[in-house]
Amino acid sequence: MADELDLLRRANPVPSDDGRFHDRPLDQHAERRLNRLLHSGRPRRMRRWVLSVGTAAAACVVAMTLLLSGSATTPAVAAPRPLQIESGSTPVPLGRIAARAAADRSQRLRQGTHAQTWSLSMTAGSGAGRAVTVPEERVVRWQPDGSSTELVVATDPRRPGRPVITGADPVPRTVEDGHVLSRRTFPPSWSDAPPQATPPHDTGRLRAYLDELDRTGPLGTSQLLDAVGELLDNWTLGSRENAAVVRLLADAKGLRPAGAVTDRLGRPGQAYVYDDTAHAVRRMLILNPVTGAVLGLEDTVTKDDAEFGVRSGDVMSYKAWMR
């Protein structure tokens with residue numbers, strides 16, 4: 001299991017002297033091992049934690065009994081604190097990031113994704129609830145014949161080597177860092193509908209693409225963020241697509257610059273915040289300040305909810321996208 005996790009981490013982006021994050025290529029030996037991992041073994045059933053603002057409390061926070069496998073098992077890790085804006089940092093308007101993104105030529109569009117997610121769950125035991133974090137890492141790759149492979153492992157890069165909680169089984173449990181939750185292979189798909197269709201880099205056409213992806217009508221700011229997240233769950237955007245996304249976000253109502261922040265993978269970014277008062281959620285979007293690429297999206301509870309055992313300031317979910 002450690003070998004599988006090492007391969008995932010070696011695919012993570014690394015910063016260069018110019019502050020950009022570039023691909024870290026696998027050597028031929030590591031590439032062959034990852035391909036074997038993606039294609040070998042029987043697919044296992046996986047329950048994906050779906051976290052949307054519309055179903056925030058019900059979908060993100062679930063009362064359940066956590067069964068630990070013995071007294072020596074490391075206790076569940078508490079939910080992470082919200083990301084903090086760097087004191088004294090200057091907020092950068094989205095329009096300025098859009099201009100920088102339009103001038104960037106360092107990234108190319110690629111089908112597939114590499115993402116790390118943390119989602120809030122709640123355990124119940126001895127009459128008292130306790131918030132815990134369910135972390136997963138997911139790699140999706142597409143093949144020339146139109147087929148795709150998906151690898152999902154349980155891991156938390158903030159605590160390498162320590163056991164983590166998984167919700168992939170009917171009963172939540174702790175597993176080793178790097179435990180493979182699922183390996184799946186999908187047959188060829190040549191759909192011309194989003195998200196399989198190639199995303200456009202023209203702003204107007206991209207908005208229509210995201211409208212079709214969301215399928216709920218004209219996109220409000222929160223729905224736009226959800227649609228961008230779904231796009232990034234299927235595609236690793238190139239420079240032109242990044243610029244188009246940021247131009248759309250620059251026109252979104254209520255999405256305001258907040259300042260510099262370091263994301264959960266240690267990458268420098270600029271944060272943009274939207275308060276979804278209808279669902280008592282604060283949404284923070286983190287962008288690469290040079291390329292405009294979306295680095296992450298954090299949803300935080302802004303109102304106590306005794307029924308589901310959450311308090312204002314609890315992080316419901318966080319997703320980090322990588323190249």
# chains A, B, ... in the order shown; residues from 1 in each chain; ligands from 1
>>> residues_around(residues="Val152 (chain A)", least_positions_apart="2", cutoff="8 Å", atoms="only C-alpha atoms", output="list in words")
Glu136, Glu137, Arg138, Val139, Glu150, Ala154, Val180, Leu181, Ser182 and Arg183 of chain A
>>> write_last_selection(atoms="N, CA, C and O atoms", output="mmCIF file, in the first residue's frame")
data_model
loop_
_atom_site.group_PDB
_atom_site.id
_atom_site.type_symbol
_atom_site.label_atom_id
_atom_site.label_comp_id
_atom_site.auth_asym_id
_atom_site.auth_seq_id
_atom_site.Cartn_x
_atom_site.Cartn_y
_atom_site.Cartn_z
ATOM 1 N N GLU A 136 -9.530 11.282 1.011
ATOM 2 C CA GLU A 136 -9.316 10.376 -0.118
ATOM 3 C C GLU A 136 -8.487 11.073 -1.190
ATOM 4 O O GLU A 136 -8.526 12.300 -1.319
ATOM 5 N N GLU A 137 -7.759 10.282 -1.964
ATOM 6 C CA GLU A 137 -7.029 10.791 -3.120
ATOM 7 C C GLU A 137 -7.468 9.993 -4.350
ATOM 8 O O GLU A 137 -7.588 8.765 -4.280
ATOM 9 N N ARG A 138 -7.713 10.697 -5.444
ATOM 10 C CA ARG A 138 -8.296 10.059 -6.630
ATOM 11 C C ARG A 138 -7.520 10.460 -7.873
ATOM 12 O O ARG A 138 -7.231 11.638 -8.086
ATOM 13 N N VAL A 139 -7.192 9.465 -8.695
ATOM 14 C CA VAL A 139 -6.534 9.694 -9.978
ATOM 15 C C VAL A 139 -7.367 9.055 -11.070
ATOM 16 O O VAL A 139 -7.704 7.865 -10.992
ATOM 17 N N GLU A 150 -9.785 4.568 -12.876
ATOM 18 C CA GLU A 150 -9.896 5.389 -11.680
ATOM 19 C C GLU A 150 -9.285 4.629 -10.503
ATOM 20 O O GLU A 150 -9.607 3.468 -10.261
ATOM 21 N N ALA A 154 -7.164 5.856 0.405
ATOM 22 C CA ALA A 154 -7.397 6.590 1.645
ATOM 23 C C ALA A 154 -6.058 7.135 2.124
ATOM 24 O O ALA A 154 -5.148 6.362 2.432
ATOM 25 N N VAL A 180 -5.963 1.057 -0.704
ATOM 26 C CA VAL A 180 -6.709 1.193 -1.957
ATOM 27 C C VAL A 180 -8.188 0.967 -1.704
ATOM 28 O O VAL A 180 -8.606 -0.102 -1.262
ATOM 29 N N LEU A 181 -8.991 1.991 -1.952
ATOM 30 C CA LEU A 181 -10.440 1.896 -1.776
ATOM 31 C C LEU A 181 -11.115 1.327 -3.012
ATOM 32 O O LEU A 181 -12.095 0.599 -2.914
ATOM 33 N N SER A 182 -10.610 1.682 -4.185
ATOM 34 C CA SER A 182 -11.204 1.145 -5.411
ATOM 35 C C SER A 182 -10.246 1.289 -6.573
ATOM 36 O O SER A 182 -9.446 2.236 -6.622
ATOM 37 N N ARG A 183 -10.316 0.337 -7.485
ATOM 38 C CA ARG A 183 -9.666 0.412 -8.793
ATOM 39 C C ARG A 183 -10.753 0.074 -9.789
ATOM 40 O O ARG A 183 -11.349 -0.998 -9.718
#
>>> residues_around(residues="Ser317 (chain A)", least_positions_apart="6", cutoff="6 Å", atoms="only C-alpha atoms", output="list in words")
Trp118, Ser119, Leu120, Glu298 and Asp299 of chain A
>>> residues_around(residues="Asn288 (chain A)", least_positions_apart="2", cutoff="9 Å", atoms="only C-alpha atoms", output="PyMOL selection string")
chain A and resi 20-21+97+267-270+286+290-295
>>> write_last_selection(atoms="N, CA and C atoms", output="PDB file, in the first residue's frame")
ATOM      1  N   ARG A  20       5.610  28.868 -10.200  1.00  0.00           N
ATOM      2  CA  ARG A  20       4.611  28.060 -10.888  1.00  0.00           C
ATOM      3  C   ARG A  20       4.713  26.613 -10.410  1.00  0.00           C
ATOM      4  N   PHE A  21       3.608  25.904 -10.588  1.00  0.00           N
ATOM      5  CA  PHE A  21       3.616  24.489 -10.251  1.00  0.00           C
ATOM      6  C   PHE A  21       3.587  23.693 -11.543  1.00  0.00           C
ATOM      7  N   ILE A  97      -6.208  38.484 -11.966  1.00  0.00           N
ATOM      8  CA  ILE A  97      -5.821  37.082 -12.134  1.00  0.00           C
ATOM      9  C   ILE A  97      -6.190  36.601 -13.537  1.00  0.00           C
ATOM     10  N   ARG A 267       0.604  24.900  -1.186  1.00  0.00           N
ATOM     11  CA  ARG A 267       0.793  25.744  -2.360  1.00  0.00           C
ATOM     12  C   ARG A 267       0.305  27.166  -2.084  1.00  0.00           C
ATOM     13  N   PRO A 268       1.034  28.195  -2.529  1.00  0.00           N
ATOM     14  CA  PRO A 268       0.572  29.566  -2.342  1.00  0.00           C
ATOM     15  C   PRO A 268      -0.576  29.875  -3.298  1.00  0.00           C
ATOM     16  N   GLY A 269      -1.574  30.571  -2.788  1.00  0.00           N
ATOM     17  CA  GLY A 269      -2.724  30.899  -3.624  1.00  0.00           C
ATOM     18  C   GLY A 269      -3.368  32.203  -3.210  1.00  0.00           C
ATOM     19  N   GLN A 270      -4.338  32.634  -4.008  1.00  0.00           N
ATOM     20  CA  GLN A 270      -5.190  33.771  -3.674  1.00  0.00           C
ATOM     21  C   GLN A 270      -6.590  33.236  -3.411  1.00  0.00           C
ATOM     22  N   ILE A 286      -9.663  28.858  -4.038  1.00  0.00           N
ATOM     23  CA  ILE A 286      -8.235  29.197  -4.031  1.00  0.00           C
ATOM     24  C   ILE A 286      -7.689  29.055  -5.441  1.00  0.00           C
ATOM     25  N   VAL A 290      -0.558  32.994 -10.402  1.00  0.00           N
ATOM     26  CA  VAL A 290       0.167  33.226 -11.651  1.00  0.00           C
ATOM     27  C   VAL A 290      -0.595  32.675 -12.849  1.00  0.00           C
ATOM     28  N   THR A 291      -1.053  31.431 -12.752  1.00  0.00           N
ATOM     29  CA  THR A 291      -1.700  30.776 -13.895  1.00  0.00           C
ATOM     30  C   THR A 291      -3.212  30.863 -13.877  1.00  0.00           C
ATOM     31  N   GLY A 292      -3.804  31.211 -12.714  1.00  0.00           N
ATOM     32  CA  GLY A 292      -5.257  31.243 -12.594  1.00  0.00           C
ATOM     33  C   GLY A 292      -5.879  29.877 -12.389  1.00  0.00           C
ATOM     34  N   ALA A 293      -5.083  28.821 -12.311  1.00  0.00           N
ATOM     35  CA  ALA A 293      -5.631  27.479 -12.111  1.00  0.00           C
ATOM     36  C   ALA A 293      -6.316  27.379 -10.752  1.00  0.00           C
ATOM     37  N   VAL A 294      -7.445  26.668 -10.703  1.00  0.00           N
ATOM     38  CA  VAL A 294      -8.139  26.431  -9.442  1.00  0.00           C
ATOM     39  C   VAL A 294      -7.341  25.402  -8.636  1.00  0.00           C
ATOM     40  N   LEU A 295      -6.906  25.798  -7.446  1.00  0.00           N
ATOM     41  CA  LEU A 295      -6.157  24.891  -6.575  1.00  0.00           C
ATOM     42  C   LEU A 295      -7.074  24.149  -5.622  1.00  0.00           C
TER      43      LEU A 295
END
>>> select_by_dssp(residues="region 65-266 of chain A", states="strand (DSSP E)", output="ChimeraX atom specification")
/A:110-125,128-142,148-154,164-166,173-175,179-186,235-236,256-262
>>> atom_distance(atom1="CA of Leu224 (chain A)", atom2="CA of Thr149 (chain A)")
27.1 Å
>>> atom_distance(atom1="CA of Leu285 (chain A)", atom2="CA of Tyr272 (chain A)")
5.1 Å
>>> residues_around(residues="Arg207 (chain A)", least_positions_apart="3", cutoff="9 Å", atoms="only C-alpha atoms", output="list in words")
Asp202, Thr203, Gly204, Leu210, Asp211, Glu212, Leu219, Leu224, Val245 and Leu248 of chain A
>>> closest_residue(among="A:Asn234, A:Thr221, A:Ser239, A:Thr174", to="Arg256 (chain A)", atoms="only C-alpha atoms")
A:Thr221
>>> select_by_dssp(residues="region 146-220 of chain A", states="helix (DSSP H, G or I)", output="PyMOL selection string")
chain A and resi 203-214
>>> atom_distance(atom1="CA of Asp275 (chain A)", atom2="CA of Val301 (chain A)")
10.1 Å
